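Reproduced below: target_14.cif, with mmCIF, C-alpha atoms.
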```
data_upload
loop_
_atom_site.label_atom_id
_atom_site.label_comp_id
_atom_site.auth_asym_id
_atom_site.auth_seq_id
_atom_site.Cartn_x
_atom_site.Cartn_y
_atom_site.Cartn_z
CA MET A 1 0.00 0.00 0.00
CA ALA A 2 2.82 2.37 0.89
CA SER A 3 4.55 1.67 -2.42
CA GLU A 4 1.32 2.38 -4.31
CA ASP A 5 0.93 5.68 -2.50
CA ALA A 6 4.53 6.61 -3.31
CA ALA A 7 4.03 5.76 -6.97
CA ASP A 8 1.07 8.13 -7.08
CA GLU A 9 3.07 11.04 -5.73
CA VAL A 10 3.47 14.01 -8.07
CA ALA A 11 6.85 14.02 -9.77
CA VAL A 12 6.41 17.13 -11.93
CA GLU A 13 3.77 19.83 -11.57
CA PHE A 14 3.53 22.11 -14.60
CA PHE A 15 0.42 24.16 -14.02
CA PRO A 16 -1.74 24.86 -15.98
CA LEU A 17 -0.66 22.24 -18.53
CA PHE A 18 -0.03 18.90 -16.82
CA ARG A 19 1.27 16.99 -13.86
CA SER A 20 3.13 13.70 -13.95
CA TYR A 21 3.41 11.09 -11.22
CA LYS A 22 6.22 8.84 -10.05
CA SER A 23 4.25 5.89 -11.45
CA GLY A 24 4.69 7.39 -14.93
CA ARG A 25 1.06 8.45 -15.22
CA VAL A 26 0.50 11.85 -16.83
CA GLU A 27 -2.54 13.98 -16.05
CA ARG A 28 -3.25 16.67 -18.63
CA LEU A 29 -5.09 19.64 -17.21
CA LEU A 30 -6.07 21.29 -20.50
CA GLY A 31 -6.76 20.29 -24.08
CA THR A 32 -8.18 16.83 -23.40
CA SER A 33 -11.56 17.10 -25.16
CA VAL A 34 -11.93 15.34 -28.50
CA VAL A 35 -14.57 15.20 -31.23
CA PRO A 36 -15.04 12.57 -33.95
CA PRO A 37 -14.46 13.20 -37.65
CA GLY A 38 -17.31 13.25 -40.14
CA LEU A 39 -19.37 15.58 -42.30
CA ASP A 40 -19.46 19.07 -40.80
CA PRO A 41 -23.00 20.45 -41.19
CA ASP A 42 -21.89 24.08 -41.19
CA THR A 43 -19.20 23.85 -43.88
CA SER A 44 -19.97 20.58 -45.73
CA VAL A 45 -16.32 19.61 -45.14
CA LEU A 46 -15.78 15.88 -44.78
CA SER A 47 -13.11 14.63 -42.36
CA LYS A 48 -11.65 11.25 -41.47
CA ASP A 49 -8.91 9.83 -39.25
CA VAL A 50 -6.15 7.81 -40.89
CA PRO A 51 -3.26 5.92 -39.24
CA LEU A 52 0.05 6.55 -40.96
CA HIS A 53 1.28 3.06 -40.16
CA PRO A 54 -1.03 0.04 -39.83
CA ASP A 55 0.91 -1.36 -36.85
CA SER A 56 1.09 1.84 -34.79
CA PRO A 57 -1.60 4.29 -33.56
CA LEU A 58 0.76 7.27 -33.80
CA PRO A 59 1.52 9.24 -35.78
CA SER A 60 -1.85 9.57 -37.43
CA ALA A 61 -3.72 12.30 -39.25
CA ARG A 62 -7.15 13.83 -39.54
CA LEU A 63 -7.88 14.77 -43.15
CA TYR A 64 -10.34 17.45 -44.24
CA LEU A 65 -11.83 17.50 -47.73
CA PRO A 66 -13.97 20.50 -48.71
CA GLN A 67 -16.91 20.39 -51.07
CA THR A 68 -15.62 22.17 -54.18
CA ILE A 69 -17.86 21.30 -57.11
CA ASP A 70 -20.56 23.91 -57.57
CA ASP A 71 -22.40 25.62 -60.40
CA ASP A 72 -19.38 27.79 -61.24
CA ASP A 73 -16.87 24.95 -61.52
CA GLU A 74 -16.20 23.54 -64.96
CA VAL A 75 -14.80 20.28 -63.59
CA SER A 76 -15.97 16.90 -64.77
CA GLU A 77 -16.77 14.08 -62.40
CA THR A 78 -14.00 12.03 -63.97
CA LYS A 79 -11.33 14.66 -63.30
CA PRO A 80 -12.02 16.55 -60.07
CA LYS A 81 -10.22 19.77 -59.27
CA LEU A 82 -6.90 19.35 -57.48
CA LEU A 83 -6.60 21.18 -54.18
CA PRO A 84 -3.61 22.71 -52.41
CA VAL A 85 -2.56 20.60 -49.43
CA LEU A 86 -2.05 22.07 -45.97
CA VAL A 87 -0.13 19.96 -43.46
CA TYR A 88 -1.08 21.37 -40.06
CA PHE A 89 0.63 20.84 -36.69
CA HIS A 90 -1.44 21.68 -33.61
CA GLY A 91 -0.08 23.68 -30.69
CA GLY A 92 -0.13 22.98 -26.97
CA GLY A 93 3.46 23.27 -25.76
CA PHE A 94 4.24 19.76 -27.08
CA VAL A 95 2.18 18.36 -24.16
CA ILE A 96 -1.54 19.10 -24.59
CA GLU A 97 -4.20 19.29 -27.35
CA SER A 98 -4.57 16.94 -30.30
CA ALA A 99 -5.69 16.77 -33.90
CA ALA A 100 -9.10 15.67 -32.57
CA SER A 101 -9.49 18.71 -30.32
CA PRO A 102 -12.79 20.58 -30.87
CA THR A 103 -10.79 23.81 -31.18
CA TYR A 104 -8.67 22.57 -34.06
CA HIS A 105 -11.45 20.54 -35.63
CA SER A 106 -13.70 23.61 -35.88
CA TYR A 107 -10.87 25.85 -37.07
CA LEU A 108 -9.67 23.50 -39.79
CA ASN A 109 -13.20 22.76 -41.02
CA ALA A 110 -13.65 26.50 -41.49
CA LEU A 111 -10.23 26.99 -43.10
CA ALA A 112 -10.66 24.05 -45.49
CA SER A 113 -14.04 25.40 -46.55
CA ARG A 114 -13.00 29.03 -46.97
CA ALA A 115 -9.66 28.39 -48.68
CA ARG A 116 -10.75 25.28 -50.60
CA ILE A 117 -7.75 23.27 -49.48
CA LEU A 118 -7.20 19.68 -48.46
CA VAL A 119 -5.97 19.68 -44.86
CA VAL A 120 -3.86 17.03 -43.14
CA SER A 121 -3.88 17.67 -39.38
CA VAL A 122 -1.08 15.69 -37.75
CA GLU A 123 -1.49 13.72 -34.53
CA TYR A 124 2.00 13.39 -33.06
CA ARG A 125 3.36 11.88 -29.87
CA ARG A 126 3.47 14.32 -26.97
CA ALA A 127 5.80 14.99 -24.08
CA PRO A 128 6.51 14.22 -21.31
CA GLU A 129 5.89 10.54 -22.16
CA HIS A 130 7.51 11.07 -25.56
CA PRO A 131 10.03 13.92 -25.32
CA VAL A 132 11.09 16.05 -28.27
CA PRO A 133 12.26 15.06 -30.89
CA ALA A 134 9.34 12.57 -31.00
CA ALA A 135 6.95 15.31 -32.18
CA TYR A 136 9.40 16.39 -34.88
CA ASP A 137 9.98 12.82 -36.04
CA ASP A 138 6.25 12.05 -36.21
CA SER A 139 5.56 15.27 -38.08
CA TRP A 140 8.34 14.50 -40.54
CA ALA A 141 6.90 11.02 -41.05
CA ALA A 142 3.49 12.58 -41.70
CA LEU A 143 4.90 14.90 -44.35
CA ARG A 144 6.66 11.99 -46.04
CA TRP A 145 3.34 10.11 -45.95
CA VAL A 146 1.65 13.07 -47.65
CA ALA A 147 4.40 13.24 -50.27
CA ALA A 148 3.88 9.55 -51.03
CA ARG A 149 0.16 10.21 -51.73
CA ALA A 150 -0.56 7.38 -49.31
CA ASP A 151 -4.28 8.14 -48.96
CA PRO A 152 -6.84 8.19 -51.81
CA TRP A 153 -7.85 11.77 -51.00
CA LEU A 154 -4.26 12.87 -51.48
CA ALA A 155 -3.79 10.73 -54.57
CA GLU A 156 -7.00 11.86 -56.28
CA ARG A 157 -7.62 15.38 -54.96
CA GLY A 158 -4.33 16.76 -53.65
CA ASP A 159 -2.09 19.08 -55.64
CA LEU A 160 1.26 18.02 -54.25
CA ALA A 161 3.00 20.80 -56.17
CA ARG A 162 1.29 23.18 -53.71
CA VAL A 163 1.98 21.88 -50.21
CA PHE A 164 1.88 24.26 -47.26
CA LEU A 165 3.21 23.64 -43.76
CA ALA A 166 1.51 25.45 -40.88
CA GLY A 167 1.04 25.41 -37.14
CA ASP A 168 0.36 27.55 -34.12
CA SER A 169 2.51 27.99 -31.01
CA ALA A 170 4.45 24.71 -30.56
CA GLY A 171 2.93 23.64 -33.87
CA GLY A 172 4.53 26.67 -35.51
CA ASN A 173 7.83 25.56 -34.03
CA ILE A 174 7.26 22.10 -35.50
CA ALA A 175 6.39 23.53 -38.92
CA HIS A 176 9.65 25.51 -38.98
CA ASN A 177 11.74 22.52 -37.92
CA VAL A 178 10.07 20.22 -40.44
CA ALA A 179 10.74 22.78 -43.18
CA MET A 180 14.40 22.89 -42.12
CA ARG A 181 14.55 19.11 -42.41
CA VAL A 182 13.12 19.30 -45.92
CA ALA A 183 15.88 21.80 -46.75
CA ALA A 184 18.54 19.48 -45.33
CA GLU A 185 17.30 16.12 -46.62
CA GLY A 186 14.70 16.70 -49.31
CA LEU A 187 11.50 14.71 -49.46
CA GLY A 188 12.69 12.06 -51.86
CA GLY A 189 10.43 10.16 -54.22
CA ASP A 190 8.18 12.12 -56.56
CA GLU A 191 9.86 15.29 -57.83
CA GLY A 192 6.41 16.81 -58.34
CA VAL A 193 6.05 17.38 -54.60
CA ARG A 194 6.84 20.97 -53.64
CA ILE A 195 6.62 22.98 -50.43
CA GLU A 196 4.90 26.16 -51.56
CA GLY A 197 4.59 28.00 -48.25
CA LEU A 198 5.20 28.07 -44.52
CA ILE A 199 2.70 29.62 -42.08
CA LEU A 200 3.74 30.20 -38.47
CA ALA A 201 0.97 31.46 -36.18
CA HIS A 202 2.35 32.82 -32.89
CA PRO A 203 5.26 30.35 -33.10
CA TRP A 204 6.94 29.16 -29.91
CA PHE A 205 10.46 30.47 -30.29
CA TRP A 206 12.47 31.73 -27.34
CA GLY A 207 15.99 32.50 -26.17
CA LYS A 208 18.13 33.12 -23.11
CA GLU A 209 18.54 36.86 -23.64
CA PRO A 210 15.48 39.12 -24.08
CA ILE A 211 15.11 40.85 -27.43
CA GLY A 212 13.22 44.02 -28.34
CA GLU A 213 10.36 44.71 -25.95
CA GLU A 214 10.17 41.08 -24.79
CA THR A 215 9.38 40.55 -21.11
CA ARG A 216 12.26 40.79 -18.63
CA ASP A 217 10.16 39.19 -15.89
CA PRO A 218 12.39 36.40 -14.51
CA VAL A 219 9.40 34.29 -13.43
CA ARG A 220 7.80 34.23 -16.88
CA ARG A 221 11.13 33.64 -18.59
CA GLU A 222 12.05 30.81 -16.22
CA TRP A 223 8.64 29.15 -16.73
CA THR A 224 9.14 29.10 -20.51
CA GLU A 225 12.70 27.85 -20.24
CA ARG A 226 11.68 25.14 -17.76
CA LEU A 227 8.88 23.98 -20.08
CA TRP A 228 11.32 23.60 -22.97
CA LYS A 229 13.75 21.62 -20.80
CA THR A 230 10.87 19.44 -19.61
CA VAL A 231 9.60 18.56 -23.07
CA CYS A 232 13.12 18.27 -24.49
CA PRO A 233 15.33 16.91 -21.69
CA GLY A 234 18.20 16.28 -24.09
CA THR A 235 18.39 19.94 -25.08
CA GLU A 236 21.50 22.06 -24.82
CA GLY A 237 19.33 24.84 -23.38
CA ILE A 238 16.92 27.57 -24.40
CA ASP A 239 19.28 28.70 -27.17
CA ASP A 240 18.98 25.30 -28.82
CA PRO A 241 18.40 26.14 -32.52
CA ARG A 242 15.15 24.15 -32.44
CA ILE A 243 13.59 26.65 -30.02
CA ASN A 244 15.75 29.67 -30.96
CA PRO A 245 16.33 29.59 -34.72
CA MET A 246 18.28 32.86 -34.52
CA ALA A 247 20.68 31.70 -31.79
CA GLU A 248 23.72 31.05 -33.93
CA GLY A 249 24.05 34.36 -35.78
CA GLU A 250 25.40 33.99 -39.28
CA ALA A 251 25.03 30.20 -39.22
CA ALA A 252 21.35 30.63 -38.38
CA LEU A 253 20.85 33.05 -41.25
CA GLU A 254 22.57 30.64 -43.61
CA ARG A 255 20.16 27.89 -42.60
CA LEU A 256 17.12 30.15 -42.93
CA GLY A 257 18.27 31.13 -46.40
CA LYS A 258 17.72 27.53 -47.48
CA LEU A 259 14.01 27.40 -46.62
CA PRO A 260 12.44 25.20 -49.32
CA CYS A 261 9.43 27.37 -50.11
CA GLY A 262 8.52 30.60 -51.88
CA THR A 263 6.25 32.17 -49.27
CA VAL A 264 6.39 32.54 -45.49
CA MET A 265 3.69 34.13 -43.34
CA VAL A 266 4.38 34.79 -39.66
CA ALA A 267 1.47 35.88 -37.47
CA VAL A 268 2.14 37.61 -34.16
CA ALA A 269 -0.14 39.22 -31.57
CA GLU A 270 0.72 42.41 -29.69
CA LYS A 271 0.07 41.04 -26.17
CA ASP A 272 1.69 37.66 -26.81
CA MET A 273 5.06 37.42 -25.07
CA LEU A 274 6.33 35.36 -28.03
CA SER A 275 5.65 38.14 -30.54
CA GLU A 276 9.18 39.59 -30.63
CA ARG A 277 10.53 36.21 -31.67
CA GLY A 278 8.15 36.03 -34.61
CA ARG A 279 9.19 39.50 -35.74
CA ALA A 280 12.86 38.56 -35.39
CA TYR A 281 12.24 35.47 -37.51
CA CYS A 282 10.87 37.64 -40.31
CA GLU A 283 13.83 40.01 -40.08
CA GLY A 284 16.22 37.09 -40.12
CA LEU A 285 14.61 35.76 -43.29
CA LYS A 286 15.02 39.11 -44.97
CA LYS A 287 18.72 39.21 -44.05
CA SER A 288 19.39 35.58 -44.97
CA GLY A 289 19.40 35.92 -48.73
CA TRP A 290 16.34 33.71 -49.00
CA GLY A 291 14.62 34.68 -52.22
CA GLY A 292 10.97 34.23 -51.29
CA ARG A 293 8.18 36.49 -50.04
CA VAL A 294 7.82 37.00 -46.31
CA GLU A 295 4.66 38.45 -44.81
CA LEU A 296 4.24 39.56 -41.20
CA LEU A 297 0.69 39.63 -39.85
CA ASP A 298 0.87 41.72 -36.66
CA THR A 299 -2.43 41.96 -34.75
CA GLU A 300 -2.85 44.77 -32.25
CA GLY A 301 -4.54 44.31 -28.88
CA GLU A 302 -4.65 40.50 -28.98
CA ASP A 303 -2.86 37.70 -27.16
CA HIS A 304 -1.53 34.23 -27.92
CA VAL A 305 -3.67 32.15 -30.35
CA PHE A 306 -6.62 34.52 -30.00
CA HIS A 307 -7.85 33.35 -33.41
CA LEU A 308 -8.43 29.87 -31.98
CA LEU A 309 -9.86 30.96 -28.65
CA ASN A 310 -12.22 33.55 -30.14
CA PRO A 311 -12.61 32.65 -33.82
CA ASN A 312 -15.67 34.83 -34.35
CA CYS A 313 -14.06 38.11 -33.33
CA ASP A 314 -13.34 40.63 -36.09
CA LYS A 315 -9.56 40.28 -35.87
CA ALA A 316 -9.75 36.50 -36.08
CA LYS A 317 -11.92 36.89 -39.19
CA ASP A 318 -9.34 39.28 -40.64
CA MET A 319 -6.62 36.72 -39.97
CA MET A 320 -8.67 34.04 -41.70
CA ASP A 321 -9.13 36.37 -44.69
CA ARG A 322 -5.35 36.87 -44.93
CA LEU A 323 -4.76 33.13 -44.89
CA VAL A 324 -7.36 32.50 -47.57
CA ALA A 325 -5.77 35.22 -49.71
CA LEU A 326 -2.35 33.60 -49.28
CA PHE A 327 -3.62 30.22 -50.51
CA SER A 328 -5.44 31.88 -53.41
CA SER A 329 -2.35 33.79 -54.55
CA SER A 330 0.05 30.86 -54.44
#
```
Go ahead and render the structure in this file as C-alpha cells.
Amino acid sequence: MASEDAADEVAVEFFPLFRSYKSGRVERLLGTSVVPPGLDPDTSVLSKDVPLHPDSPLPSARLYLPQTIDDDDEVSETKPKLLPVLVYFHGGGFVIESAASPTYHSYLNALASRARILVVSVEYRRAPEHPVPAAYDDSWAALRWVAARADPWLAERGDLARVFLAGDSAGGNIAHNVAMRVAAEGLGGDEGVRIEGLILAHPWFWGKEPIGEETRDPVRREWTERLWKTVCPGTEGIDDPRINPMAEGEAALERLGKLPCGTVMVAVAEKDMLSERGRAYCEGLKKSGWGGRVELLDTEGEDHVFHLLNPNCDKAKDMMDRLVALFSSS
C-alpha cells in the first residue's frame, strides 16, 4: 500500500498544462476534449482519421476535404479539381491538445471550406511521455506520408506541387523545424512534390537573452525555459536552434536562407510574449538571402492564439481572410 501511495506522488507539476506522477502516469489539465471526424453540417467539409502506419496508432492524421464542385466549376466528375494541401501541426506546448481537439477541428473545417484546401492535421506523440524530438519525427513522417500520396484523398484530390506547412505555437515551431529538415534532406520520391509556403501562427520560439520589448520578468522567462527543458530533456538549453532559430548568428541566417518554399507568413499578436521572436524570424529571413516572399501579420490588442480561442471576433476573421488570400495567390 505504501509503495502504491509513493508511486502516485506528483513528480512534476507544470500548471496549468499537466502533472506527472512517479508511477509514470500523466494527467493533462487542459486540451483533453476530442470530437469525432465526419461531415461538418456548417461547412460541408468531410473529415476522417487515418493511421500513418497500420501497426502503430501514432503518428496519425485527420484529413479534411472541402466540397468544391458547384455551379461555377467547370470540372468533370472524372477529373475533379486538385486542391492545395495544408499539413497542419497543432499547438499545446508539445504536451496538450490533439488533432481531434474541438478547437482545431472547428478551425480546420472553417479553413478548409474558406480556402478550398485539403488539410492534413497531424497527430504526433506528446511529451513528457515522448520527449522532443518525437513530435518532430512524427511530423516528418506525416509529411513523407503526404508526399507519397498514401491516402486516396491525397492521390485523387491533392495538388502536391502546392503543399503548405503550418502550425500555431508549438505547432509553428514544428512547422519551422520540419521545413528545415526538408531543406537538409529533401522529401525524396516524386519530384512533383513541392513545399509552396510556410505559415507560423504565434510560433513558440524563445531565447536566453530578451530581445526588443520582450518581457524581462524572470518568473515568466524561467517558466518558458523550464517547459522547454521538460519537453526536451536532451536539449543544450533555451538557445537550442530548435527553439531559438536565430541563436547562432550567421550560421542561423545561412540555414534560414535555405528554406524550401517561396512564401512565409508569420502571425504575431501584440500582447503575446512570443511576438518579438516572430518578428525577429521575419527580419532574419530578410537578411538571410532567402529569395521568397515574407509576410508579417501583426495583430494589435490580442494575445496568444486569440484566433483559436475567439474565432468569431473581427480580428480572427481578418486573420482568416489573410490566410485565404495567401492560398489563393500561391
Calculate how many Å separate atom CA of A:Asn244 from atom CA of A:Ser60, rounding to one decimal.
27.5 Å
Within 10 Å of stretch 304-325 of chain A, which residues of stretch 29-146 of chain A show up? Give each one with its shortest atom-to-atom distance in Å (one decimal) and the two atoms involved, counting all atoms listed in the file, rows by chain then rising residue number, as CSV.
```
residue,atom,partner,partner_atom,distance
A:Gly91,CA,A:Val305,CA,9.2
A:Thr103,CA,A:Leu308,CA,6.6
A:Tyr104,CA,A:Leu308,CA,7.6
A:Ser106,CA,A:Leu308,CA,9.1
A:Tyr107,CA,A:Leu308,CA,6.9
A:Ala110,CA,A:Met320,CA,9.0
A:Leu111,CA,A:Met320,CA,7.4
A:Ala112,CA,A:Val324,CA,9.3
A:Ser113,CA,A:Val324,CA,9.8
A:Arg114,CA,A:Val324,CA,6.6
A:Ala115,CA,A:Val324,CA,4.8
A:Arg116,CA,A:Val324,CA,8.5
A:Ile117,CA,A:Val324,CA,9.4
```
Would you output that residue set with C-alpha atoms, as a PDB file, in the coordinates of the input?
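Now in selection.pdb:
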```
ATOM      1  CA  GLY A  91      -0.080  23.680 -30.690  1.00  0.00           C
ATOM      2  CA  THR A 103     -10.790  23.810 -31.180  1.00  0.00           C
ATOM      3  CA  TYR A 104      -8.670  22.570 -34.060  1.00  0.00           C
ATOM      4  CA  SER A 106     -13.700  23.610 -35.880  1.00  0.00           C
ATOM      5  CA  TYR A 107     -10.870  25.850 -37.070  1.00  0.00           C
ATOM      6  CA  ALA A 110     -13.650  26.500 -41.490  1.00  0.00           C
ATOM      7  CA  LEU A 111     -10.230  26.990 -43.100  1.00  0.00           C
ATOM      8  CA  ALA A 112     -10.660  24.050 -45.490  1.00  0.00           C
ATOM      9  CA  SER A 113     -14.040  25.400 -46.550  1.00  0.00           C
ATOM     10  CA  ARG A 114     -13.000  29.030 -46.970  1.00  0.00           C
ATOM     11  CA  ALA A 115      -9.660  28.390 -48.680  1.00  0.00           C
ATOM     12  CA  ARG A 116     -10.750  25.280 -50.600  1.00  0.00           C
ATOM     13  CA  ILE A 117      -7.750  23.270 -49.480  1.00  0.00           C
TER      14      ILE A 117
END
```
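Nearest residue to A:Pro233, choosing from A:Leu58, A:Val34, A:Pro133, A:Val119 and counting only C-alpha atoms: A:Pro133.
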Can you turn the PyMOL selection byres ((chain A and resi 180) around 10) into a concrete residue list for this file, as a PyMOL selection string?
chain A and resi 174-179+181-186+242+255-256+258-260
Atom-to-atom span, atom CA of A:Ala150 and atom CA of A:Val120, Å
11.9 Å
Nearest candidate to A:Phe89 (options A:Ala201, A:Phe15, A:Asn109, A:Val50; using only C-alpha atoms)
A:Ala201
Could you list, as a ChimeraX atom specification, every residue matched by the PyMOL selection byres ((chain A and resi 301) around 8) in this structure?
/A:269-271,299-300,302-303
Please expand the PyMOL selection byres ((chain A and resi 194) around 9) into the concrete residues it hits in this file, giving the result as a PyMOL selection string.
chain A and resi 147+160-164+187+191-193+195-196+260-261
Do a neighbour search on A:Arg62 at 9 Å with only C-alpha atoms, toss out local chain neighbours closer than 6 positions, and write the hits as a list in words.
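In the requested format, the answer is Pro37, Ser47, Lys48, Asp49, Val50, Pro51, Ala99, Ala100, His105, Val119, Val120, Ser121, Val122 and Glu123 of chain A.
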Using all atoms listed in the file, determine which residues lie at most 12 Å from stretch 280-293 of chain A, disregarding the query and same-chain residues fewer than 3 positions distant; provide the list as a VMD selection string.
chain A and resid 172 to 173 176 196 to 200 202 to 207 210 to 214 243 to 268 274 to 277 296 to 298 326 329 to 330
Return as lines of an AutoDock Vina configuration file the centre and edge lengths, in Å with one decimal, of the box along x, y and z that encloses every atom of stretch 300-314 of chain A in the file, padded by 3 Å per side.
```
center_x = -8.6
center_y = 37.3
center_z = -31.6
size_x = 20.1
size_y = 20.9
size_z = 14.9
```
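Here atom CA of A:Phe14 stands at a distance of 24.9 Å from atom CA of A:Pro59.
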Ranking A:Asp239, A:Asp217, A:Glu27, A:Asp138 by minimum distance to A:His53 and counting all atoms listed in the file, which one comes first?
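Among the listed residues, A:Asp138 lies closest to A:His53.
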So which residues touch A:Gly93 within 10 Å, counting all atoms listed in the file, skipping near sequence neighbours fewer than 2 positions away, as number ranges by chain?
A: 17, 90-91, 95-97, 126-127, 168-171, 173, 204, 224, 227-228, 231
Output the selection as a compact mmCIF listing (two decimals), in the coordinates of the input - C-alpha atoms for each residue.
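Heads up, here's the output in out_25.txt:
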```txt
# COMPACT_ATOMS: atom_id res chain seq x y z
CA LEU A 17 -0.66 22.24 -18.53
CA HIS A 90 -1.44 21.68 -33.61
CA GLY A 91 -0.08 23.68 -30.69
CA VAL A 95 2.18 18.36 -24.16
CA ILE A 96 -1.54 19.10 -24.59
CA GLU A 97 -4.20 19.29 -27.35
CA ARG A 126 3.47 14.32 -26.97
CA ALA A 127 5.80 14.99 -24.08
CA ASP A 168 0.36 27.55 -34.12
CA SER A 169 2.51 27.99 -31.01
CA ALA A 170 4.45 24.71 -30.56
CA GLY A 171 2.93 23.64 -33.87
CA ASN A 173 7.83 25.56 -34.03
CA TRP A 204 6.94 29.16 -29.91
CA THR A 224 9.14 29.10 -20.51
CA LEU A 227 8.88 23.98 -20.08
CA TRP A 228 11.32 23.60 -22.97
CA VAL A 231 9.60 18.56 -23.07
```
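If you count only C-alpha atoms and ignore residues fewer than 5 places along the chain from A:Leu154, what sits within 10 Å of it is Leu63, Leu65, Leu82, Leu83, Pro84, Val85, Leu118, Val119, Val120, Trp145, Val146, Ala147, Ala148, Arg149, Asp159 and Leu160 of chain A.
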